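Asker: Before anything else, here's the structure in question.
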Amino acid sequence: MCIVILLLAGLIASGCGGTVSNYDGGVDGGVDGGVDGGIDGGVDGGIDGGVDGGIDGGVDGGVDGGIDGGVDGGIDGGVDGGVDGDDGGGIIDGGDGDCSGPDSQACPVENGTGQQARVCENGSWSSWGACQVVACDAGYYLDNDSCLLLEPSDSYEIMPDPNMNNLLEFTIDSTDLLPPLVFSVETVLKAGIEVELPEHVGLEESNGTFSWTPTPSQSAEYDFFFLVTDSLSDSKVVIVHITVLTPDICNSSSSACQFLHDKWDLGEAAGNVGDWYHNRDDFHTNLNLSELPQLDLMTDGYGAETALHPGRVVVGNSSTAYTTGESWMSQMRSIMLSEYRTEAVYTQYINNNHYWYPEHRDHDDKDHYHGKNTYVTSSQGSSGSEMDEIRNFFYTLAAFQPAVKNLLIETGLLIPTLQMIFRRVRVTDDSEYLEGLAHPSAFDNYDGRLAMVEMANAIQIDDIPPMVQLAVIEENYSIVDGKNEQWYTTPASICRIFRGLEYTKRMVVSAADSYDINDRQLTFHWVVLRGDPEHVVVTPQNGDGSEVEILIDYHVETTVASTALLTNMVEVGVFVDNGAYFSAPGFVTDFTLNNEERTYDDSGVLTDIQYNDNYVHPSLL
């Protein structure tokens, strides 16, 4: 019985009676390369000459022709096969005279790759030889120097489930083979492209039982190539076609879901296949995945997430907080207490990962946040208050046009664009987007789902929103009594703690590294979002306004404009505009310590400082 080995991605197909190869090339190569080179240089020449001899010597011809044929001497003398065989080195052209140009070339083969060779004789090339198949495309096998289509023996369909409740199971056909048998997966094609073995696939090697509980992110057409080998080492390839169906884009009666259905049917909405919901509170709160059945589910970990999940679009949450002792705080504030953790969530931000946390006590009568960023987001309230906005994020991810979403993912602009949309639809126009109302430290529920999906779907490839990038050029924030005023510095959020005794802090900040992936011209907008505008002065330092000087006078506790919310934070927002859209904001913040009561004279000289018991997180003191 013959052994049939599948030719995929350059593998060799063998049949009865020997290896399919340029056998004659090995023989001729042995003659031209010399008997001495074949015998003495056989080992080295067999390896090196097989590679360098190429088609003329034949990799397989060299192996089977070996000693008799010059071990891959090839038409050119095996290159490394050698004249005297001392070390496998030999005459490169192997002919009776020198010929310029290659001795092999590619040639067209249906459903595969071919090559043909020629021989140098007495200084002249022979005619090109016949075109021979050297590899077949994925899904084809080599038979008599032709690439033939592999046909599946069985086909199956399964609807994936994010909770992994749907199981596909079958036994691989082993007809005509004698047990005991060994089953293995040789190759998997996804939409015609070779891929690694998918997650959640199982195969019993001894009895051929195949199992798979696919999830929505695995929705696609697959071809599995199984190799079945019997007790006599005879074998056959069994091909099974599996369709992992794509679930509906959404299940609700909302106008946003209807919008997605309409765009999905037209091929104008990307959907959520490949998007992941990450729950990090042991389902203390949870997203109803039946409403968005294309999502995949992650459940590892608890509390704030700073790890990166590369290659995945992730939106997650943890309805947890620190609730006891002097260090009570939300998860978002805990992240901003560490420069390392803030840098980690920025890395998430530009790699399509984003997490929500409730503000729990951090944003009720007073805003206790000492900084601000768009890398993670806080919801107004406690456990579960974030779930509606997470749902809005996933609806919006589904609404992007397919090519736009792919580009946003590739460029790391997906979450910045989501943040821009989320904030922009909460106000009436661009001028209000450049005000503090659009950028609170924590967000209450807002019925903006339809507006978000419509805005996302309207974005075109050539008007992707730009990205703000910040850098500090100079400043007088420093180390005061061993404590750092430069709390963290990241590319879209800069946080400073006012410790020095001077009345005015100064920074020069640049947004010149901000960019637009379509190379649209950018304009720069620096806006005082929070603080007394008479005591926060922003002055451009160059012609296009990409660099500014920021002067911040000492601020006592005050209220956030148009609210009753107390705050000790001053905030400058930075936006870039490409003519189609504004970017998500960048922030430069300054925070004063509320346990201090300072008195300055009219010239800005500190005359008195008293301390009280007002709450300040111990890490900031």
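Each chain in the structure tokens gets a letter, A, B, ..., in the order shown, and its residues are numbered from 1; ligands are numbered from 1 in order too.
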I want to know what sits within 8 Å of A:Ile242, based on only C-alpha atoms, with residues of the same chain fewer than 4 positions away left out; could you give that as a ChimeraX atom specification?
Answerer: /A:155-158,221-224
Asker: Now that the selection is made, can you save its residues with N, CA, C and O atoms as a compact mmCIF listing (two decimals), in the first residue's frame?
Answerer:
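Done, and the output landed in part-v1.txt:
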```
# COMPACT_ATOMS: atom_id res chain seq x y z
N SER A 155 -18.30 17.29 5.91
CA SER A 155 -18.48 18.71 6.20
C SER A 155 -19.39 18.84 7.42
O SER A 155 -20.35 18.08 7.58
N TYR A 156 -19.09 19.84 8.25
CA TYR A 156 -19.88 20.09 9.46
C TYR A 156 -20.08 21.59 9.63
O TYR A 156 -19.26 22.40 9.19
N GLU A 157 -21.17 21.95 10.31
CA GLU A 157 -21.45 23.33 10.68
C GLU A 157 -21.71 23.39 12.17
O GLU A 157 -22.28 22.46 12.75
N ILE A 158 -21.29 24.50 12.80
CA ILE A 158 -21.58 24.69 14.22
C ILE A 158 -21.69 26.18 14.51
O ILE A 158 -20.96 26.99 13.94
N GLU A 221 -14.46 29.65 7.70
CA GLU A 221 -14.45 28.36 7.01
C GLU A 221 -13.09 27.69 7.24
O GLU A 221 -12.04 28.32 7.05
N TYR A 222 -13.10 26.42 7.66
CA TYR A 222 -11.86 25.70 7.97
C TYR A 222 -11.80 24.40 7.18
O TYR A 222 -12.83 23.76 6.93
N ASP A 223 -10.59 24.01 6.83
CA ASP A 223 -10.32 22.68 6.30
C ASP A 223 -9.26 22.04 7.19
O ASP A 223 -8.14 22.57 7.31
N PHE A 224 -9.61 20.92 7.81
CA PHE A 224 -8.67 20.16 8.64
C PHE A 224 -8.15 18.98 7.85
O PHE A 224 -8.93 18.22 7.27
```
Asker: Within 6 Å of stretch 518-534 of chain A, counting only C-alpha atoms, which residues show up once you throw out same-chain ones fewer than 5 positions away? Write them as a list in words, please.
Answerer: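 Residues meeting the cut-off are Glu435, Gly436, Gly545, Ser546, Val570, Glu571, Val572, Gly573, Val574, Phe575, Val576, Asp577 and Asn578 of chain A.
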Asker: With only C-alpha atoms as the basis for distance, which of A:Tyr322, A:Asp173, A:Arg449, A:Leu566 is at the shortest distance from A:Ser255?
Answerer: A:Arg449
Asker: Give the alpha helix (DSSP H) residues of stretch 198-422 of chain A, as DSSP finds them on the backbone, and put them as a PDB file with C-alpha atoms, in the first residue's frame.
Answerer:
```
ATOM      1  CA  SER A 255     -32.661  51.661  17.214  1.00  0.00           C
ATOM      2  CA  ALA A 256     -28.893  51.181  17.523  1.00  0.00           C
ATOM      3  CA  CYS A 257     -29.257  47.428  16.981  1.00  0.00           C
ATOM      4  CA  GLN A 258     -31.508  48.001  13.980  1.00  0.00           C
ATOM      5  CA  PHE A 259     -28.904  50.371  12.542  1.00  0.00           C
ATOM      6  CA  LEU A 260     -26.243  47.693  12.953  1.00  0.00           C
ATOM      7  CA  HIS A 261     -28.459  45.086  11.282  1.00  0.00           C
ATOM      8  CA  ASP A 262     -29.000  47.334   8.276  1.00  0.00           C
ATOM      9  CA  LYS A 263     -25.290  48.079   7.886  1.00  0.00           C
ATOM     10  CA  TRP A 264     -24.317  44.440   8.509  1.00  0.00           C
ATOM     11  CA  ASP A 265     -26.622  43.256   5.728  1.00  0.00           C
ATOM     12  CA  GLN A 331      -9.314  51.244  40.733  1.00  0.00           C
ATOM     13  CA  MET A 332      -8.688  54.105  38.316  1.00  0.00           C
ATOM     14  CA  ARG A 333      -7.152  56.253  41.056  1.00  0.00           C
ATOM     15  CA  SER A 334      -5.036  53.303  42.173  1.00  0.00           C
ATOM     16  CA  ILE A 335      -3.622  53.055  38.644  1.00  0.00           C
ATOM     17  CA  MET A 336      -2.727  56.755  38.557  1.00  0.00           C
ATOM     18  CA  GLU A 339       3.805  55.884  37.006  1.00  0.00           C
ATOM     19  CA  TYR A 340       4.499  52.263  35.999  1.00  0.00           C
ATOM     20  CA  ARG A 341       0.811  51.355  36.027  1.00  0.00           C
ATOM     21  CA  THR A 342      -0.133  54.524  34.168  1.00  0.00           C
ATOM     22  CA  GLU A 343       2.419  53.672  31.491  1.00  0.00           C
ATOM     23  CA  ALA A 344       0.983  50.152  31.366  1.00  0.00           C
ATOM     24  CA  VAL A 345      -2.552  51.346  30.673  1.00  0.00           C
ATOM     25  CA  TYR A 346      -1.214  53.731  28.014  1.00  0.00           C
ATOM     26  CA  THR A 347       0.279  50.647  26.353  1.00  0.00           C
ATOM     27  CA  GLN A 348      -3.180  49.077  26.498  1.00  0.00           C
ATOM     28  CA  TYR A 349      -4.650  52.255  25.030  1.00  0.00           C
ATOM     29  CA  MET A 387     -21.994  48.305  32.258  1.00  0.00           C
ATOM     30  CA  ASP A 388     -24.196  50.494  30.082  1.00  0.00           C
ATOM     31  CA  GLU A 389     -21.187  52.392  28.723  1.00  0.00           C
ATOM     32  CA  ILE A 390     -19.291  49.144  28.085  1.00  0.00           C
ATOM     33  CA  ARG A 391     -22.269  48.018  26.045  1.00  0.00           C
ATOM     34  CA  ASN A 392     -22.104  51.303  24.115  1.00  0.00           C
ATOM     35  CA  PHE A 393     -18.430  50.708  23.408  1.00  0.00           C
ATOM     36  CA  PHE A 394     -19.127  47.275  21.929  1.00  0.00           C
ATOM     37  CA  TYR A 395     -22.012  48.564  19.805  1.00  0.00           C
ATOM     38  CA  THR A 396     -19.661  51.224  18.484  1.00  0.00           C
ATOM     39  CA  LEU A 397     -16.898  48.706  17.755  1.00  0.00           C
ATOM     40  CA  ALA A 398     -19.426  46.742  15.703  1.00  0.00           C
ATOM     41  CA  ALA A 399     -20.475  49.848  13.759  1.00  0.00           C
ATOM     42  CA  PRO A 402     -14.762  46.785   8.123  1.00  0.00           C
ATOM     43  CA  ALA A 403     -11.784  48.424   6.404  1.00  0.00           C
ATOM     44  CA  VAL A 404     -11.830  51.341   8.856  1.00  0.00           C
ATOM     45  CA  LYS A 405     -11.895  49.055  11.894  1.00  0.00           C
ATOM     46  CA  ASN A 406      -9.040  46.968  10.520  1.00  0.00           C
ATOM     47  CA  LEU A 407      -6.969  50.113   9.961  1.00  0.00           C
ATOM     48  CA  LEU A 408      -7.736  51.451  13.445  1.00  0.00           C
ATOM     49  CA  ILE A 409      -6.646  48.135  14.943  1.00  0.00           C
ATOM     50  CA  GLU A 410      -3.451  48.002  12.881  1.00  0.00           C
ATOM     51  CA  THR A 411      -2.459  51.571  13.799  1.00  0.00           C
ATOM     52  CA  LEU A 414      -9.086  52.093  17.868  1.00  0.00           C
ATOM     53  CA  ILE A 415      -9.461  53.071  21.537  1.00  0.00           C
ATOM     54  CA  PRO A 416      -8.444  56.739  21.009  1.00  0.00           C
ATOM     55  CA  THR A 417     -11.125  56.946  18.304  1.00  0.00           C
ATOM     56  CA  LEU A 418     -13.679  55.300  20.607  1.00  0.00           C
ATOM     57  CA  GLN A 419     -12.844  57.824  23.320  1.00  0.00           C
ATOM     58  CA  MET A 420     -13.298  60.716  20.914  1.00  0.00           C
ATOM     59  CA  ILE A 421     -16.696  59.423  19.733  1.00  0.00           C
ATOM     60  CA  PHE A 422     -17.869  58.656  23.278  1.00  0.00           C
TER      61      PHE A 422
END
```
Asker: List the neighbours of stretch 489-498 of chain A out to 8 Å using only C-alpha atoms; skip same-chain residues closer than 6 positions along the sequence, and give me the result as a PDB file with N, CA and C atoms, in the first residue's frame.
Answerer:
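out_15.pdb, freshly written:
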```pdb
ATOM      1  N   GLU A 339       3.396  55.556  38.372  1.00  0.00           N
ATOM      2  CA  GLU A 339       3.805  55.884  37.006  1.00  0.00           C
ATOM      3  C   GLU A 339       3.895  54.621  36.162  1.00  0.00           C
ATOM      4  N   THR A 342       0.415  53.585  35.148  1.00  0.00           N
ATOM      5  CA  THR A 342      -0.133  54.524  34.168  1.00  0.00           C
ATOM      6  C   THR A 342       0.485  54.275  32.798  1.00  0.00           C
ATOM      7  N   GLU A 343       1.776  54.012  32.764  1.00  0.00           N
ATOM      8  CA  GLU A 343       2.419  53.672  31.491  1.00  0.00           C
ATOM      9  C   GLU A 343       1.861  52.372  30.932  1.00  0.00           C
ATOM     10  N   TYR A 346      -1.430  53.063  29.307  1.00  0.00           N
ATOM     11  CA  TYR A 346      -1.214  53.731  28.014  1.00  0.00           C
ATOM     12  C   TYR A 346      -0.862  52.706  26.948  1.00  0.00           C
ATOM     13  N   HIS A 370      -6.294  62.872  41.133  1.00  0.00           N
ATOM     14  CA  HIS A 370      -5.183  63.815  41.064  1.00  0.00           C
ATOM     15  C   HIS A 370      -4.636  63.953  39.647  1.00  0.00           C
ATOM     16  N   GLY A 371      -5.174  63.198  38.730  1.00  0.00           N
ATOM     17  CA  GLY A 371      -4.771  63.268  37.329  1.00  0.00           C
ATOM     18  C   GLY A 371      -5.918  62.811  36.449  1.00  0.00           C
ATOM     19  N   LYS A 372      -5.673  62.832  35.160  1.00  0.00           N
ATOM     20  CA  LYS A 372      -6.732  62.443  34.229  1.00  0.00           C
ATOM     21  C   LYS A 372      -6.091  61.852  32.979  1.00  0.00           C
ATOM     22  N   ASN A 373      -6.732  60.823  32.431  1.00  0.00           N
ATOM     23  CA  ASN A 373      -6.278  60.249  31.163  1.00  0.00           C
ATOM     24  C   ASN A 373      -7.436  59.598  30.439  1.00  0.00           C
ATOM     25  N   VAL A 468      -3.086  62.637  19.558  1.00  0.00           N
ATOM     26  CA  VAL A 468      -2.304  63.636  20.268  1.00  0.00           C
ATOM     27  C   VAL A 468      -1.131  62.960  20.972  1.00  0.00           C
ATOM     28  N   GLN A 469       0.032  63.627  20.948  1.00  0.00           N
ATOM     29  CA  GLN A 469       1.227  63.144  21.633  1.00  0.00           C
ATOM     30  C   GLN A 469       1.900  64.336  22.319  1.00  0.00           C
ATOM     31  N   LEU A 470       2.231  64.182  23.591  1.00  0.00           N
ATOM     32  CA  LEU A 470       2.767  65.282  24.395  1.00  0.00           C
ATOM     33  C   LEU A 470       4.179  64.982  24.882  1.00  0.00           C
ATOM     34  N   ALA A 471       4.946  66.027  25.070  1.00  0.00           N
ATOM     35  CA  ALA A 471       6.285  65.906  25.638  1.00  0.00           C
ATOM     36  C   ALA A 471       6.596  67.185  26.407  1.00  0.00           C
ATOM     37  N   TYR A 477       8.733  72.076  37.955  1.00  0.00           N
ATOM     38  CA  TYR A 477       8.337  71.003  38.864  1.00  0.00           C
ATOM     39  C   TYR A 477       9.575  70.133  39.089  1.00  0.00           C
ATOM     40  N   LYS A 505       3.839  77.751  38.920  1.00  0.00           N
ATOM     41  CA  LYS A 505       4.567  76.669  38.267  1.00  0.00           C
ATOM     42  C   LYS A 505       4.579  76.924  36.753  1.00  0.00           C
ATOM     43  N   TYR A 554      -0.842  78.779  42.161  1.00  0.00           N
ATOM     44  CA  TYR A 554      -1.323  77.878  43.209  1.00  0.00           C
ATOM     45  C   TYR A 554      -2.843  78.010  43.349  1.00  0.00           C
ATOM     46  N   PRO A 585      -8.738  63.685  23.703  1.00  0.00           N
ATOM     47  CA  PRO A 585      -7.929  64.693  24.385  1.00  0.00           C
ATOM     48  C   PRO A 585      -6.659  64.117  25.001  1.00  0.00           C
ATOM     49  N   GLY A 586      -5.650  64.981  25.107  1.00  0.00           N
ATOM     50  CA  GLY A 586      -4.525  64.758  25.996  1.00  0.00           C
ATOM     51  C   GLY A 586      -4.691  65.699  27.176  1.00  0.00           C
ATOM     52  N   PHE A 587      -4.043  65.395  28.295  1.00  0.00           N
ATOM     53  CA  PHE A 587      -4.241  66.207  29.492  1.00  0.00           C
ATOM     54  C   PHE A 587      -2.907  66.569  30.141  1.00  0.00           C
ATOM     55  N   VAL A 588      -2.815  67.828  30.623  1.00  0.00           N
ATOM     56  CA  VAL A 588      -1.741  68.276  31.507  1.00  0.00           C
ATOM     57  C   VAL A 588      -2.432  68.732  32.787  1.00  0.00           C
ATOM     58  N   THR A 589      -2.129  68.055  33.916  1.00  0.00           N
ATOM     59  CA  THR A 589      -2.841  68.359  35.158  1.00  0.00           C
ATOM     60  C   THR A 589      -1.873  68.750  36.265  1.00  0.00           C
ATOM     61  N   ASP A 590      -2.402  69.563  37.194  1.00  0.00           N
ATOM     62  CA  ASP A 590      -1.672  70.009  38.380  1.00  0.00           C
ATOM     63  C   ASP A 590      -2.598  69.789  39.574  1.00  0.00           C
ATOM     64  N   PHE A 591      -2.065  69.229  40.662  1.00  0.00           N
ATOM     65  CA  PHE A 591      -2.888  68.877  41.824  1.00  0.00           C
ATOM     66  C   PHE A 591      -2.262  69.446  43.087  1.00  0.00           C
ATOM     67  N   THR A 592      -3.063  70.194  43.836  1.00  0.00           N
ATOM     68  CA  THR A 592      -2.596  70.719  45.118  1.00  0.00           C
ATOM     69  C   THR A 592      -3.094  69.830  46.252  1.00  0.00           C
ATOM     70  N   LEU A 593      -2.361  69.816  47.357  1.00  0.00           N
ATOM     71  CA  LEU A 593      -2.672  68.949  48.489  1.00  0.00           C
ATOM     72  C   LEU A 593      -3.641  69.647  49.426  1.00  0.00           C
TER      73      LEU A 593
END
```
Asker: For a quick check of understanding, using only C-alpha atoms, which of A:Leu292, A:Val195, A:Val556, A:Leu620 has the smallest distance to A:Cys250?
Answerer: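 Between A:Leu292, A:Val195, A:Val556, A:Leu620, the residue approaching A:Cys250 most closely is A:Leu292.
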Asker: According to DSSP computed on the backbone, where in stretch 285-422 of chain A is there strand (DSSP E)? Give the residues as JSON, numbers by chain.
Answerer: {"A": [296, 297, 298, 313, 314, 315, 316, 317, 321, 322, 329, 330, 353, 354, 355, 356, 357, 358, 377, 378, 379]}
Asker: Rounded to one decimal, what separation in Å do you get between atom CA of A:Lys366 and atom CA of A:Gly303?
Answerer: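 These atoms are spaced 23.4 Å apart.
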Asker: Can you list, as number ranges by chain, every protein, DNA or RNA residue that comes within 12 Å of A:Gln218 when you count only C-alpha atoms, leaving out same-chain residues fewer than 6 positions away?
Answerer: A: 158-162, 164, 190-191, 195, 197-201, 212, 242-247, 272-276, 294-296
Asker: Please compute the atom CA of A:Leu150-atom CA of A:Val240 distance, one decimal, in Å.
Answerer: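 Atom-to-atom, atom CA of A:Leu150 and atom CA of A:Val240 are spaced 10.3 Å apart.
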Asker: What is the atom CA of A:Arg426-atom CA of A:Gly448 distance in Å, reported with one decimal?
Answerer: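 Pair atom CA of A:Arg426 / atom CA of A:Gly448 returns 6.9 Å.
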Asker: I need the residue nearest A:Ile609 from this list: A:Leu501, A:Val133, A:Cys107, A:Leu203. Use only C-alpha atoms for the distance.
Answerer: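 Checking each candidate against A:Ile609, we get A:Leu501 as the closest.
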